[in-house]
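Asks: One file: query21.tsv (TSV, C-alpha atoms).
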chain	number	residue	atom	x	y	z
A	1097	MET	CA	-112.86	91.93	30.24
A	1098	ILE	CA	-111.31	92.49	26.83
A	1099	THR	CA	-107.53	92.89	26.65
A	1100	GLU	CA	-105.47	95.56	24.90
A	1101	TYR	CA	-104.24	92.89	22.49
A	1102	GLU	CA	-107.82	91.89	21.57
A	1103	ILE	CA	-108.82	95.51	21.02
A	1104	ARG	CA	-105.80	96.09	18.78
A	1105	GLN	CA	-106.49	92.89	16.79
A	1106	LYS	CA	-110.15	93.78	16.22
A	1107	ILE	CA	-109.35	97.31	15.05
A	1108	GLU	CA	-106.39	96.28	12.89
A	1109	LYS	CA	-108.59	93.68	11.21
A	1110	VAL	CA	-110.96	96.42	9.98
A	1111	ILE	CA	-108.50	99.26	9.21
A	1112	PRO	CA	-107.37	97.92	5.80
A	1113	ASP	CA	-110.99	98.01	4.58
A	1114	THR	CA	-111.45	101.70	5.44
A	1115	ASP	CA	-110.84	104.67	3.15
A	1116	SER	CA	-110.09	107.20	5.90
A	1117	SER	CA	-106.40	106.46	6.50
A	1118	ILE	CA	-107.10	105.37	10.08
A	1119	SER	CA	-104.31	104.35	12.43
A	1120	ILE	CA	-104.11	103.39	16.08
A	1121	HIS	CA	-102.15	106.00	17.98
A	1122	GLU	CA	-102.52	104.64	21.50
A	1123	ILE	CA	-104.43	102.19	23.67
A	1124	SER	CA	-104.16	102.97	27.37
A	1125	LYS	CA	-105.68	101.18	30.35
A	1126	GLN	CA	-107.70	103.42	32.68
A	1127	GLY	CA	-108.98	101.37	35.63
A	1128	THR	CA	-111.74	99.09	34.35
A	1129	HIS	CA	-111.61	100.26	30.73
A	1130	TYR	CA	-109.27	101.28	27.90
A	1131	ILE	CA	-109.01	104.55	26.03
A	1132	VAL	CA	-108.30	104.03	22.34
A	1133	THR	CA	-106.92	106.97	20.36
A	1134	LEU	CA	-107.27	106.76	16.60
A	1135	TYR	CA	-105.95	109.14	13.96
A	1136	GLY	CA	-107.66	109.51	10.60
A	1137	GLY	CA	-108.40	111.80	7.70
A	1138	LEU	CA	-107.36	112.27	4.11
A	1139	ASN	CA	-105.63	115.67	4.14
A	1140	GLY	CA	-108.22	117.55	2.11
A	1141	ARG	CA	-109.82	114.78	0.06
A	1142	GLY	CA	-112.12	113.35	2.72
A	1143	ASP	CA	-115.86	113.08	3.04
A	1144	PHE	CA	-117.38	113.17	6.53
A	1145	PHE	CA	-119.90	110.46	5.65
A	1146	ASP	CA	-117.04	108.15	4.66
A	1147	TYR	CA	-115.35	108.88	8.00
A	1148	LEU	CA	-118.55	108.04	9.86
A	1149	SER	CA	-118.95	104.80	7.95
A	1150	ASP	CA	-115.33	103.78	8.55
A	1151	VAL	CA	-115.55	104.52	12.28
A	1152	GLN	CA	-118.78	102.52	12.41
A	1153	HIS	CA	-116.93	99.50	10.97
A	1154	ILE	CA	-114.49	99.76	13.87
A	1155	VAL	CA	-116.90	100.31	16.76
A	1156	VAL	CA	-119.22	97.46	15.78
A	1157	GLN	CA	-116.28	95.10	16.32
A	1158	LEU	CA	-116.17	96.11	20.00
A	1159	ASP	CA	-118.89	95.09	22.46
A	1160	ASN	CA	-118.90	97.84	25.08
A	1161	VAL	CA	-117.69	101.07	23.46
A	1162	TRP	CA	-118.49	104.78	23.84
A	1163	LEU	CA	-117.37	108.08	22.36
A	1164	ILE	CA	-115.05	110.21	24.48
A	1165	ASP	CA	-114.32	112.90	21.89
A	1166	TRP	CA	-113.74	113.40	18.20
A	1167	ILE	CA	-111.50	116.37	17.43
A	1168	ASN	CA	-111.38	117.63	13.87
A	1169	ASP	CA	-108.65	119.73	12.25
A	1170	CYS	CA	-110.71	121.30	9.46
A	1171	LEU	CA	-107.86	122.99	7.63
A	1172	ASP	CA	-105.88	119.77	7.28
A	1173	ASP	CA	-108.88	117.39	7.03
A	1174	VAL	CA	-107.51	115.10	9.74
A	1175	TRP	CA	-109.01	114.07	13.06
A	1176	THR	CA	-108.34	112.41	16.39
A	1177	LEU	CA	-110.97	110.06	17.78
A	1178	ARG	CA	-110.95	108.78	21.35
A	1179	ILE	CA	-113.24	105.95	22.38
A	1180	GLY	CA	-113.66	104.07	25.63
A	1181	VAL	CA	-113.79	100.28	25.59
A	1182	ARG	CA	-114.71	97.94	28.41
Write the structure described by the file as structure tokens, please.
Replies:
Amino acid sequence: MITEYEIRQKIEKVIPDTDSSISIHEISKQGTHYIVTLYGGLNGRGDFFDYLSDVQHIVVQLDNVWLIDWINDCLDDVWTLRIGVR
């Protein structure tokens, strides 16, 4: 099973190459998996296709990952993404 440290390292390796101002808010262990909460968005200058591409760069680094939810704040062009990782 992957560790919290390994998840953080894999995501932090990719974040500098993204254009969506992504940051790790929290990684919490939930039984046999982790819930990773990411913040992102460009406060009005963003493009959804860029966000999708940047998130793709992150999730392909992780072997067993799934979407929990992706909450968008349209007025501020920021979002919260939660993914599960095992």
Asks: Here is a test: counting only C-alpha atoms, which residue of A:Asp1165, A:Asp1159, A:Glu1108, A:Glu1100 is nearest to A:Ser1124?
Replies: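 Of all the options, A:Glu1100 lies closest to A:Ser1124.
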Asks: Taking (-104.8, 106.7, 7.4) in the file's coordinates, which residues come within 10 Å, counting only C-alpha atoms, written as number ranges by chain?
Replies: A: 1111-1112, 1114-1120, 1134-1139, 1174
Asks: For the selection you just gave me, I'd like the residues written to a file as a compact mmCIF listing (two decimals), in the coordinates of the input, keeping C-alpha atoms.
Replies:
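Below is the file result.txt, written as the result:
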# COMPACT_ATOMS: atom_id res chain seq x y z
CA ILE A 1111 -108.50 99.26 9.21
CA PRO A 1112 -107.37 97.92 5.80
CA THR A 1114 -111.45 101.70 5.44
CA ASP A 1115 -110.84 104.67 3.15
CA SER A 1116 -110.09 107.20 5.90
CA SER A 1117 -106.40 106.46 6.50
CA ILE A 1118 -107.10 105.37 10.08
CA SER A 1119 -104.31 104.35 12.43
CA ILE A 1120 -104.11 103.39 16.08
CA LEU A 1134 -107.27 106.76 16.60
CA TYR A 1135 -105.95 109.14 13.96
CA GLY A 1136 -107.66 109.51 10.60
CA GLY A 1137 -108.40 111.80 7.70
CA LEU A 1138 -107.36 112.27 4.11
CA ASN A 1139 -105.63 115.67 4.14
CA VAL A 1174 -107.51 115.10 9.74
Asks: List as a PyMOL selection string the protein and nucleic acid residues near stretch 1103-1105 of chain A, meaning an atom at most 12 Å away when only C-alpha atoms are counted, but skip any in the same chain fewer than 2 places from it.
Replies: chain A and resi 1097-1101+1107-1111+1119-1125+1129-1134+1154-1161+1179-1182
Asks: When you count all atoms listed in the file, which of these residues is closest to A:Gly1140: A:Thr1128, A:Asp1113, A:Asp1169, A:Trp1162?
Replies: A:Asp1169
Asks: Atom CA of A:Ser1149 and atom CA of A:Leu1163 are how many Å apart?
Replies: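 One can read the atom CA of A:Ser1149 to atom CA of A:Leu1163 distance as 14.9 Å.
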Asks: Would you compute the distance between atom CA of A:Asp1143 and atom CA of A:Asn1168? Give it in Å to one decimal.
Replies: 12.6 Å
